[in-house]
>>> print(open('structure_19.pdb').read())   # PDB, C-alpha atoms
ATOM      1  CA  MET C   3     -29.104  15.889   3.811
ATOM      2  CA  LYS C   4     -26.745  16.517   6.712
ATOM      3  CA  ARG C   5     -24.023  19.140   6.406
ATOM      4  CA  THR C   6     -20.956  18.475   8.447
ATOM      5  CA  THR C   7     -17.284  19.344   8.290
ATOM      6  CA  LEU C   8     -15.311  17.134   6.008
ATOM      7  CA  PHE C   9     -14.006  13.919   7.476
ATOM      8  CA  PHE C  10     -11.312  11.985   5.746
ATOM      9  CA  ILE C  11     -10.214   8.406   6.122
ATOM     10  CA  SER C  12      -6.869   9.112   5.181
ATOM     11  CA  LEU C  13      -6.056   6.951   4.396
ATOM     12  CA  PHE C  14      -3.030   6.544   2.483
ATOM     13  CA  THR C  15       8.571   2.543  -3.926
ATOM     14  CA  GLY C  16       9.983   2.695  -6.963
ATOM     15  CA  LEU C  17       8.028   3.867  -9.966
ATOM     16  CA  LEU C  18       7.492   0.994 -12.401
ATOM     17  CA  LEU C  19       5.552   1.120 -15.645
ATOM     18  CA  LEU C  20       3.655  -2.134 -15.932
ATOM     19  CA  ASN C  21       1.234  -2.586 -18.780
ATOM     20  CA  SER C  22       2.187  -6.222 -18.883
ATOM     21  CA  CYS C  23       4.433  -8.538 -16.932
ATOM     22  CA  ASN C  24       7.631  -6.628 -16.101
ATOM     23  CA  THR C  25      10.687  -8.738 -15.296
ATOM     24  CA  ASN C  26      12.211  -5.798 -13.407
ATOM     25  CA  SER C  27       9.467  -6.022 -10.800
ATOM     26  CA  ARG C  28       9.454  -8.800  -8.260
ATOM     27  CA  PHE C  29       5.685  -8.803  -8.045
ATOM     28  CA  GLY C  30       4.753  -7.567 -11.507
ATOM     29  CA  ILE C  31       2.020  -9.467 -13.340
ATOM     30  CA  ASP C  32       0.304  -9.293 -16.704
ATOM     31  CA  THR C  33      -2.982  -7.587 -15.832
ATOM     32  CA  THR C  34      -4.529  -8.608 -19.159
ATOM     33  CA  GLN C  35      -4.593 -12.209 -17.943
ATOM     34  CA  ASN C  36      -7.362 -13.385 -15.572
ATOM     35  CA  ARG C  37      -8.492  -9.787 -15.482
ATOM     36  CA  ILE C  38     -10.981  -8.463 -12.940
ATOM     37  CA  GLN C  39     -13.122  -5.964 -14.836
ATOM     38  CA  VAL C  40     -14.618  -3.290 -12.584
ATOM     39  CA  LYS C  41     -17.762  -1.401 -13.538
ATOM     40  CA  ILE C  42     -18.475   1.482 -11.169
ATOM     41  CA  HIS C  43     -22.100   1.817 -10.090
ATOM     42  CA  ARG C  44     -23.025   5.471 -10.615
ATOM     43  CA  PHE C  45     -25.466   6.195  -7.814
ATOM     44  CA  ASP C  46     -24.106   9.763  -7.702
ATOM     45  CA  LYS C  47     -25.021  10.420 -11.320
ATOM     46  CA  ASP C  48     -28.439   8.802 -11.064
ATOM     47  CA  LEU C  49     -29.285  10.761  -7.918
ATOM     48  CA  LEU C  50     -28.111  14.114  -9.288
ATOM     49  CA  THR C  51     -30.087  13.699 -12.512
ATOM     50  CA  LEU C  52     -33.388  12.808 -10.863
ATOM     51  CA  ASP C  53     -36.383  14.718 -12.187
ATOM     52  CA  THR C  54     -37.809  16.328  -9.035
ATOM     53  CA  THR C  55     -41.182  16.781 -10.777
ATOM     54  CA  LYS C  56     -41.379  12.992 -11.014
ATOM     55  CA  ILE C  57     -39.699  12.185  -7.730
ATOM     56  CA  ILE C  58     -41.776   9.086  -6.926
ATOM     57  CA  VAL C  59     -40.808   7.442 -10.221
ATOM     58  CA  GLY C  60     -37.183   8.520  -9.776
ATOM     59  CA  VAL C  61     -36.789   7.221  -6.246
ATOM     60  CA  ASN C  62     -38.493   3.958  -7.146
ATOM     61  CA  SER C  63     -35.941   3.576  -9.929
ATOM     62  CA  LEU C  64     -33.110   4.056  -7.416
ATOM     63  CA  TYR C  65     -34.577   1.327  -5.217
ATOM     64  CA  THR C  66     -34.735  -0.991  -8.226
ATOM     65  CA  HIS C  67     -31.201  -0.346  -9.459
ATOM     66  CA  TYR C  68     -29.442  -0.113  -6.059
ATOM     67  CA  PRO C  69     -31.074  -2.706  -3.775
ATOM     68  CA  ALA C  70     -27.891  -3.366  -1.772
ATOM     69  CA  PHE C  71     -26.447   0.132  -1.675
ATOM     70  CA  LEU C  72     -29.500   2.330  -1.095
ATOM     71  CA  PRO C  73     -30.486   0.976   2.353
ATOM     72  CA  VAL C  74     -26.941   1.540   3.649
ATOM     73  CA  TYR C  75     -26.842   4.995   2.051
ATOM     74  CA  THR C  76     -30.162   6.073   3.573
ATOM     75  CA  SER C  77     -29.097   4.797   6.989
ATOM     76  CA  GLU C  78     -25.575   6.233   7.108
ATOM     77  CA  VAL C  79     -26.010   9.425   5.073
ATOM     78  CA  LEU C  80     -29.656  10.378   5.494
ATOM     79  CA  ASP C  81     -30.048   8.839   8.967
ATOM     80  CA  THR C  82     -33.362   7.472   7.711
ATOM     81  CA  SER C  83     -34.713   3.963   7.305
ATOM     82  CA  ALA C  84     -34.908   2.738   3.710
ATOM     83  CA  SER C  85     -38.534   1.822   4.358
ATOM     84  CA  ASP C  86     -39.482   5.477   4.918
ATOM     85  CA  THR C  87     -39.829   6.352   1.253
ATOM     86  CA  VAL C  88     -41.825   9.518   1.947
ATOM     87  CA  ALA C  89     -38.996  10.988   4.049
ATOM     88  CA  ILE C  90     -36.373   9.896   1.529
ATOM     89  CA  ARG C  91     -38.200  11.527  -1.373
ATOM     90  CA  LYS C  92     -38.487  14.734   0.637
ATOM     91  CA  LEU C  93     -34.784  14.747   1.535
ATOM     92  CA  PHE C  94     -33.734  14.127  -2.051
ATOM     93  CA  VAL C  95     -35.923  16.966  -3.336
ATOM     94  CA  GLN C  96     -34.505  19.325  -0.694
ATOM     95  CA  PHE C  97     -30.948  18.352  -1.587
ATOM     96  CA  LEU C  98     -31.425  18.694  -5.337
ATOM     97  CA  SER C  99     -33.204  22.024  -4.938
ATOM     98  CA  ASP C 100     -30.734  23.510  -2.450
ATOM     99  CA  SER C 101     -28.916  26.469  -3.983
ATOM    100  CA  THR C 102     -25.943  25.814  -1.674
ATOM    101  CA  PHE C 103     -25.245  22.514  -3.405
ATOM    102  CA  SER C 104     -26.224  23.451  -6.955
ATOM    103  CA  SER C 105     -22.665  24.398  -7.950
ATOM    104  CA  VAL C 106     -21.281  21.333  -6.177
ATOM    105  CA  ASN C 107     -23.691  18.980  -7.918
ATOM    106  CA  LYS C 108     -23.028  20.566 -11.303
ATOM    107  CA  LYS C 109     -19.265  20.324 -10.798
ATOM    108  CA  THR C 110     -19.582  16.683  -9.713
ATOM    109  CA  LEU C 111     -21.396  15.734 -12.917
ATOM    110  CA  GLU C 112     -18.782  17.577 -14.992
ATOM    111  CA  THR C 113     -15.780  16.140 -13.172
ATOM    112  CA  PHE C 114     -17.041  12.564 -13.196
ATOM    113  CA  GLY C 115     -18.905  12.475 -16.485
ATOM    114  CA  ASP C 116     -16.620   9.754 -17.820
ATOM    115  CA  VAL C 117     -14.957   7.440 -15.308
ATOM    116  CA  SER C 118     -13.514   4.850 -17.689
ATOM    117  CA  ASP C 119      -9.966   5.829 -16.721
ATOM    118  CA  ILE C 120     -10.733   5.245 -13.039
ATOM    119  CA  GLU C 121     -12.378   1.916 -13.880
ATOM    120  CA  LYS C 122      -9.245   0.825 -15.736
ATOM    121  CA  THR C 123      -6.952   1.762 -12.857
ATOM    122  CA  VAL C 124      -9.151   0.012 -10.296
ATOM    123  CA  SER C 125      -9.505  -3.032 -12.580
ATOM    124  CA  ASP C 126      -5.714  -3.293 -12.822
ATOM    125  CA  ALA C 127      -5.342  -3.090  -9.035
ATOM    126  CA  PHE C 128      -8.164  -5.556  -8.385
ATOM    127  CA  THR C 129      -6.508  -7.967 -10.831
ATOM    128  CA  TYR C 130      -3.334  -7.737  -8.749
ATOM    129  CA  ILE C 131      -5.273  -8.298  -5.529
ATOM    130  CA  HIS C 132      -7.061 -11.324  -6.985
ATOM    131  CA  HIS C 133      -3.750 -12.748  -8.221
ATOM    132  CA  TYR C 134      -2.052 -12.589  -4.820
ATOM    133  CA  PHE C 135      -5.097 -13.020  -2.575
ATOM    134  CA  PRO C 136      -7.531 -15.146  -4.624
ATOM    135  CA  GLU C 137      -9.557 -16.057  -1.541
ATOM    136  CA  VAL C 138     -10.651 -12.442  -1.061
ATOM    137  CA  LYS C 139     -14.125 -11.458  -2.264
ATOM    138  CA  LEU C 140     -13.552  -8.133  -3.969
ATOM    139  CA  PRO C 141     -16.173  -5.462  -3.298
ATOM    140  CA  ASP C 142     -18.505  -3.821  -5.756
ATOM    141  CA  VAL C 143     -17.677  -0.141  -6.265
ATOM    142  CA  TYR C 144     -20.192   2.682  -5.976
ATOM    143  CA  PHE C 145     -19.893   6.434  -6.449
ATOM    144  CA  PHE C 146     -22.244   8.614  -4.441
ATOM    145  CA  VAL C 147     -22.771  12.180  -3.228
ATOM    146  CA  SER C 148     -23.754  13.095   0.306
ATOM    147  CA  GLY C 149     -23.696  16.851   0.720
ATOM    148  CA  PHE C 150     -20.238  16.477   2.303
ATOM    149  CA  ASN C 151     -21.606  14.143   4.943
ATOM    150  CA  ARG C 152     -19.583  11.018   4.139
ATOM    151  CA  GLN C 153     -16.510  10.351   2.040
ATOM    152  CA  VAL C 154     -16.523   6.546   2.237
ATOM    153  CA  ILE C 155     -19.256   3.970   2.851
ATOM    154  CA  MET C 156     -18.346   0.308   3.292
ATOM    155  CA  ASP C 157     -20.012  -2.942   4.132
ATOM    156  CA  ASN C 158     -19.023  -6.559   3.481
ATOM    157  CA  LYS C 159     -20.115  -6.392  -0.167
ATOM    158  CA  PHE C 160     -19.209  -2.941  -1.464
ATOM    159  CA  ILE C 161     -17.154   0.231  -1.097
ATOM    160  CA  GLY C 162     -18.681   3.592  -1.927
ATOM    161  CA  ILE C 163     -16.682   6.754  -2.608
ATOM    162  CA  GLY C 164     -18.182  10.237  -2.316
ATOM    163  CA  THR C 165     -17.303  11.981  -5.566
ATOM    164  CA  ASP C 166     -18.256  15.396  -4.182
ATOM    165  CA  PHE C 167     -15.057  15.220  -2.114
ATOM    166  CA  TYR C 168     -12.843  15.133  -5.227
ATOM    167  CA  LEU C 169     -13.706  18.230  -7.270
ATOM    168  CA  GLY C 170     -10.236  19.792  -7.256
ATOM    169  CA  SER C 171      -7.956  21.428  -4.713
ATOM    170  CA  ASP C 172      -8.951  24.844  -6.022
ATOM    171  CA  PHE C 173     -12.719  24.259  -5.900
ATOM    172  CA  PRO C 174     -13.919  27.418  -4.102
ATOM    173  CA  VAL C 175     -16.543  25.730  -1.900
ATOM    174  CA  TYR C 176     -13.927  23.583  -0.155
ATOM    175  CA  LYS C 177     -12.021  26.535   1.299
ATOM    176  CA  ASP C 178     -14.857  27.332   3.694
ATOM    177  CA  LEU C 179     -15.423  23.731   4.741
ATOM    178  CA  THR C 180     -12.089  22.162   5.499
ATOM    179  CA  TYR C 181      -8.470  22.769   6.428
ATOM    180  CA  LYS C 182      -5.939  23.970   3.895
ATOM    181  CA  TYR C 183      -3.668  20.943   4.337
ATOM    182  CA  MET C 184      -6.505  18.632   3.254
ATOM    183  CA  LEU C 185      -7.150  20.379  -0.062
ATOM    184  CA  TYR C 186      -4.305  18.736  -1.980
ATOM    185  CA  ASN C 187      -5.948  15.304  -1.870
ATOM    186  CA  MET C 188      -9.400  16.545  -2.862
ATOM    187  CA  ARG C 189      -8.636  15.872  -6.517
ATOM    188  CA  ARG C 190     -10.096  13.487  -9.056
ATOM    189  CA  GLU C 191      -6.647  11.916  -9.408
ATOM    190  CA  CYS C 192      -6.878  10.673  -5.821
ATOM    191  CA  VAL C 193     -10.080   8.663  -6.210
ATOM    192  CA  ALA C 194      -8.579   5.387  -7.432
ATOM    193  CA  THR C 195      -5.787   5.445  -4.850
ATOM    194  CA  ASP C 196      -8.214   6.127  -2.013
ATOM    195  CA  LEU C 197     -10.519   3.380  -3.254
ATOM    196  CA  ILE C 198      -7.762   0.763  -3.393
ATOM    197  CA  SER C 199      -6.407   1.929  -0.040
ATOM    198  CA  ALA C 200      -9.874   1.549   1.515
ATOM    199  CA  THR C 201     -10.138  -1.919  -0.047
ATOM    200  CA  LEU C 202      -6.838  -2.972   1.534
ATOM    201  CA  PHE C 203      -7.739  -1.621   4.965
ATOM    202  CA  ARG C 204     -11.001  -3.545   4.631
ATOM    203  CA  MET C 205      -9.085  -6.728   3.782
ATOM    204  CA  PHE C 206      -6.439  -6.486   6.495
ATOM    205  CA  ILE C 207      -7.373  -5.493  10.051
ATOM    206  CA  MET C 208      -4.569  -4.564  12.422
ATOM    207  CA  ASN C 209      -3.706  -7.429  14.786
ATOM    208  CA  SER C 210      -1.754  -6.186  17.791
ATOM    209  CA  GLN C 211      -2.213  -6.806  21.486
ATOM    210  CA  GLN C 212       0.297  -4.115  22.440
ATOM    211  CA  ASN C 213      -0.831  -1.416  19.998
ATOM    212  CA  ARG C 214       2.493   0.413  20.067
ATOM    213  CA  LEU C 215       3.517   3.164  17.693
ATOM    214  CA  LEU C 216       5.786   0.617  15.992
ATOM    215  CA  ASP C 217       2.853  -1.722  15.396
ATOM    216  CA  ASN C 218       0.762   1.057  13.857
ATOM    217  CA  MET C 219       3.675   2.176  11.683
ATOM    218  CA  ILE C 220       4.364  -1.258  10.233
ATOM    219  CA  TYR C 221       0.685  -2.163   9.847
ATOM    220  CA  ARG C 222       0.086   0.931   7.726
ATOM    221  CA  GLY C 223       3.468   0.541   6.078
ATOM    222  CA  ARG C 224       2.388  -2.896   4.845
ATOM    223  CA  ILE C 225      -0.770  -1.397   3.361
ATOM    224  CA  MET C 226       1.351   1.189   1.578
ATOM    225  CA  TYR C 227       3.674  -1.522   0.301
ATOM    226  CA  LEU C 228       0.740  -3.449  -1.171
ATOM    227  CA  LEU C 229      -0.622  -0.232  -2.642
ATOM    228  CA  SER C 230       2.680   0.383  -4.402
ATOM    229  CA  VAL C 231       2.684  -3.174  -5.797
ATOM    230  CA  PHE C 232      -0.925  -3.051  -6.952
ATOM    231  CA  MET C 233      -0.672   0.450  -8.466
ATOM    232  CA  PRO C 234       2.823   0.327 -10.010
ATOM    233  CA  GLU C 235       2.241   3.162 -12.465
ATOM    234  CA  GLU C 236       1.500   5.656  -9.706
ATOM    235  CA  LYS C 237       4.218   7.867  -8.269
ATOM    236  CA  PRO C 238       5.024   6.988  -4.645
ATOM    237  CA  GLU C 239       4.322  10.513  -3.421
ATOM    238  CA  ASN C 240       0.827  10.291  -4.918
ATOM    239  CA  LEU C 241       0.208   6.976  -3.201
ATOM    240  CA  MET C 242       1.182   8.635   0.058
ATOM    241  CA  GLY C 243      -0.906  11.719  -0.632
ATOM    242  CA  TYR C 244       2.155  13.974  -0.485
ATOM    243  CA  THR C 245       3.218  16.777  -2.767
ATOM    244  CA  ALA C 246       6.559  16.398  -4.551
ATOM    245  CA  GLU C 247       8.060  18.854  -2.041
ATOM    246  CA  GLN C 248       6.778  16.874   0.948
ATOM    247  CA  TRP C 249       8.133  13.644  -0.507
ATOM    248  CA  LYS C 250      11.517  15.272  -1.083
ATOM    249  CA  TRP C 251      11.557  16.562   2.502
ATOM    250  CA  CYS C 252      10.980  13.049   3.862
ATOM    251  CA  ASN C 253      13.790  11.566   1.801
ATOM    252  CA  THR C 254      16.160  14.411   2.646
ATOM    253  CA  TYR C 255      15.576  14.095   6.400
ATOM    254  CA  GLN C 256      14.917  10.356   6.638
ATOM    255  CA  LYS C 257      17.864   9.789   8.969
ATOM    256  CA  GLU C 258      16.797  12.635  11.234
ATOM    257  CA  ILE C 259      13.158  11.456  11.302
ATOM    258  CA  TRP C 260      14.166   7.980  12.411
ATOM    259  CA  GLY C 261      16.724   9.330  14.870
ATOM    260  CA  ALA C 262      14.181  11.609  16.535
ATOM    261  CA  THR C 263      11.669   8.770  16.831
ATOM    262  CA  ILE C 264      14.275   6.594  18.565
ATOM    263  CA  ASP C 265      15.815   9.322  20.744
ATOM    264  CA  GLN C 266      12.419  10.443  22.030
ATOM    265  CA  LYS C 267      11.588   6.826  22.914
ATOM    266  CA  ASP C 268       8.411   7.091  20.859
ATOM    267  CA  LEU C 269       8.747   3.852  18.922
ATOM    268  CA  PHE C 270       7.408   1.523  21.624
ATOM    269  CA  SER C 271       4.963   3.995  23.141
ATOM    270  CA  THR C 272       1.339   2.947  23.640
ATOM    271  CA  ASP C 273       0.192   6.532  24.248
ATOM    272  CA  LEU C 274      -2.765   6.933  21.888
ATOM    273  CA  THR C 275      -2.342  10.699  21.731
ATOM    274  CA  LEU C 276       1.285  10.349  20.681
ATOM    275  CA  ILE C 277       0.434   7.614  18.184
ATOM    276  CA  GLY C 278      -2.224   9.869  16.660
ATOM    277  CA  LYS C 279       0.332  12.638  16.176
ATOM    278  CA  TYR C 280       2.425  10.285  14.046
ATOM    279  CA  MET C 281      -0.373   8.531  12.188
ATOM    280  CA  ASN C 282      -3.292  10.923  11.708
ATOM    281  CA  ASP C 283      -3.753  13.419   8.910
ATOM    282  CA  ALA C 284      -2.449  16.798  10.067
ATOM    283  CA  PRO C 285      -0.555  19.848   8.766
ATOM    284  CA  PHE C 286       2.674  18.337  10.139
ATOM    285  CA  THR C 287       3.930  15.504  12.366
ATOM    286  CA  ALA C 288       4.259  17.335  15.665
ATOM    287  CA  PRO C 289       6.837  15.080  17.429
ATOM    288  CA  ILE C 290       9.220  15.457  14.469
ATOM    289  CA  SER C 291       9.068  18.956  12.986
ATOM    290  CA  GLN C 292       6.654  21.704  12.012
ATOM    291  CA  ASP C 293       8.320  21.585   8.583
ATOM    292  CA  SER C 294       7.346  17.945   8.098
ATOM    293  CA  PRO C 295       4.222  16.621   6.368
ATOM    294  CA  GLY C 296       1.598  14.808   8.412
ATOM    295  CA  ARG C 297       1.370  11.024   8.765
ATOM    296  CA  LEU C 298       5.117  10.483   8.992
ATOM    297  CA  GLY C 299       4.427   7.334  11.007
ATOM    298  CA  THR C 300       2.916   5.738   7.911
ATOM    299  CA  TRP C 301       5.806   6.941   5.765
ATOM    300  CA  ILE C 302       8.404   5.498   8.187
ATOM    301  CA  GLY C 303       6.505   2.222   8.357
ATOM    302  CA  TRP C 304       6.525   2.020   4.565
ATOM    303  CA  GLN C 305      10.293   2.475   4.471
ATOM    304  CA  ILE C 306      10.759  -0.278   7.062
ATOM    305  CA  VAL C 307       8.547  -2.690   5.116
ATOM    306  CA  LYS C 308      10.310  -1.895   1.836
ATOM    307  CA  SER C 309      13.643  -2.625   3.510
ATOM    308  CA  TYR C 310      12.246  -5.844   4.986
ATOM    309  CA  MET C 311      10.957  -7.112   1.640
ATOM    310  CA  LYS C 312      14.152  -6.118  -0.161
ATOM    311  CA  LYS C 313      16.267  -7.994   2.355
ATOM    312  CA  ASN C 314      13.986 -11.033   2.583
ATOM    313  CA  THR C 315      13.264 -11.888  -1.037
ATOM    314  CA  HIS C 316      11.723 -15.237  -0.132
ATOM    315  CA  ILE C 317       8.812 -13.566   1.682
ATOM    316  CA  SER C 318       5.573 -13.561  -0.315
ATOM    317  CA  LEU C 319       2.885 -10.897  -0.046
ATOM    318  CA  PRO C 320       0.510 -13.198   1.896
ATOM    319  CA  GLU C 321       3.367 -14.083   4.263
ATOM    320  CA  LEU C 322       4.080 -10.402   4.778
ATOM    321  CA  MET C 323       0.459  -9.681   5.673
ATOM    322  CA  ASN C 324       0.191 -12.740   7.953
ATOM    323  CA  GLU C 325       3.237 -11.755  10.016
ATOM    324  CA  ASN C 326       1.886  -9.870  13.023
ATOM    325  CA  ASN C 327       5.129  -9.795  14.995
ATOM    326  CA  TYR C 328       5.866  -6.199  14.119
ATOM    327  CA  GLN C 329       9.088  -6.063  16.079
ATOM    328  CA  LYS C 330      10.341  -9.095  14.137
ATOM    329  CA  ILE C 331       9.678  -7.249  10.879
ATOM    330  CA  LEU C 332      11.659  -4.258  12.152
ATOM    331  CA  GLU C 333      14.542  -6.395  13.378
ATOM    332  CA  ASN C 334      14.714  -8.373  10.125
ATOM    333  CA  SER C 335      14.403  -5.319   7.919
ATOM    334  CA  GLY C 336      17.894  -4.016   8.437
ATOM    335  CA  TYR C 337      16.371  -0.539   8.270
ATOM    336  CA  ARG C 338      19.201   1.923   8.867
ATOM    337  CA  PRO C 339      18.570   5.254   7.108
TER     338      PRO C 339
END
>>> encode(input="structure_19.pdb", output="structure tokens")
Amino acid sequence: MKRTTLFFISLFTGLLLLNSCNTNSRFGIDTTQNRIQVKIHRFDKDLLTLDTTKIIVGVNSLYTHYPAFLPVYTSEVLDTSASDTVAIRKLFVQFLSDSTFSSVNKKTLETFGDVSDIEKTVSDAFTYIHHYFPEVKLPDVYFFVSGFNRQVIMDNKFIGIGTDFYLGSDFPVYKDLTYKYMLYNMRRECVATDLISATLFRMFIMNSQQNRLLDNMIYRGRIMYLLSVFMPEEKPENLMGYTAEQWKWCNTYQKEIWGATIDQKDLFSTDLTLIGKYMNDAPFTAPISQDSPGRLGTWIGWQIVKSYMKKNTHISLPELMNENNYQKILENSGYRP
């Protein structure tokens, strides 16, 4: 099992409580109707509870129960062909016997013993997605562990989430493996949000010939807007992966953030390094302020899209996602913080 530094696909409105159709929400639906019921495939649990004294039987069982997932897992996590069962059995025994990962594996089983709450949240969000984008084939959902090698695995049929990345911000092992600013989102509470976010990025690929900062902002801002619609019970700061203090900072200095972006002529830049400073996970957004949270480009894009949808109430969610003239969205948003 490879050991690498943690890599995150960071991924990442008003708070509305929607257990049924809410007339106060423009896009609220009754999620008990035409419901998509998600059952998470627990590869992580089945792997961690293998009996290493009967490893041949155990691995054969994994092949039987995970015919689609296991070949991708062995290729991307173990860097081994699924046909090499001897090597796979050896790697699994080494991983399960490794004292370095014993506390991690134990904590994973404890933290994710019951995932019915996550299944409910994902089922609600998938029901929303199916309602507004019925043509989309929703992925199967798998949980896995990888010895901190991979956080997300995707193909055209499934999305897998590495549960060993979500054992709590205060989990001692993490402090030696990753940066402090990443710890906040290494919590069980973040799993469903990250899963739905990954699903949306899988559904909607950025379409931009110019690839300006503006385009990246609004593309990710649209994903955040959908996330807020499909997970209406979640606080907006949690959807963004911000602490309450970081969210407050953004709202307090929204005018200054936008002003700096304009004054520095960053908005229409195609400089990939500059774009990364606005969009990538980091301790802060360097072009704005060392007091800021990271990923302010996504946050600004979200505010623009919210303003656009508030001003243009005739625009549907599919129409929003099909509009790839990002400058048109900005111009028609009336965004003036």
>>> atom_distance(input="structure_19.pdb", atom1="atom CA of Ala262 of chain C", atom2="atom CA of Asn327 of chain C")
23.3 Å
>>> resolve_selection(input="structure_19.pdb", expression="the PyMOL selection byres ((chain C and resi 252) around 12)", output="PyMOL selection string")
chain C and resi 239+242+244-251+253-260+286-287+290-291+293-302+304-305+339
>>> atom_distance(input="structure_19.pdb", atom1="atom CA of Thr272 of chain C", atom2="atom CA of Arg222 of chain C")
16.1 Å
>>> atom_distance(input="structure_19.pdb", atom1="atom CA of Leu49 of chain C", atom2="atom CA of Val175 of chain C")
20.6 Å
>>> closest_residue(input="structure_19.pdb", among="C:Thr315, C:Asn213, C:Thr82, C:Asn62", to="Ile277 of chain C", atoms="all atoms listed in the file")
C:Asn213
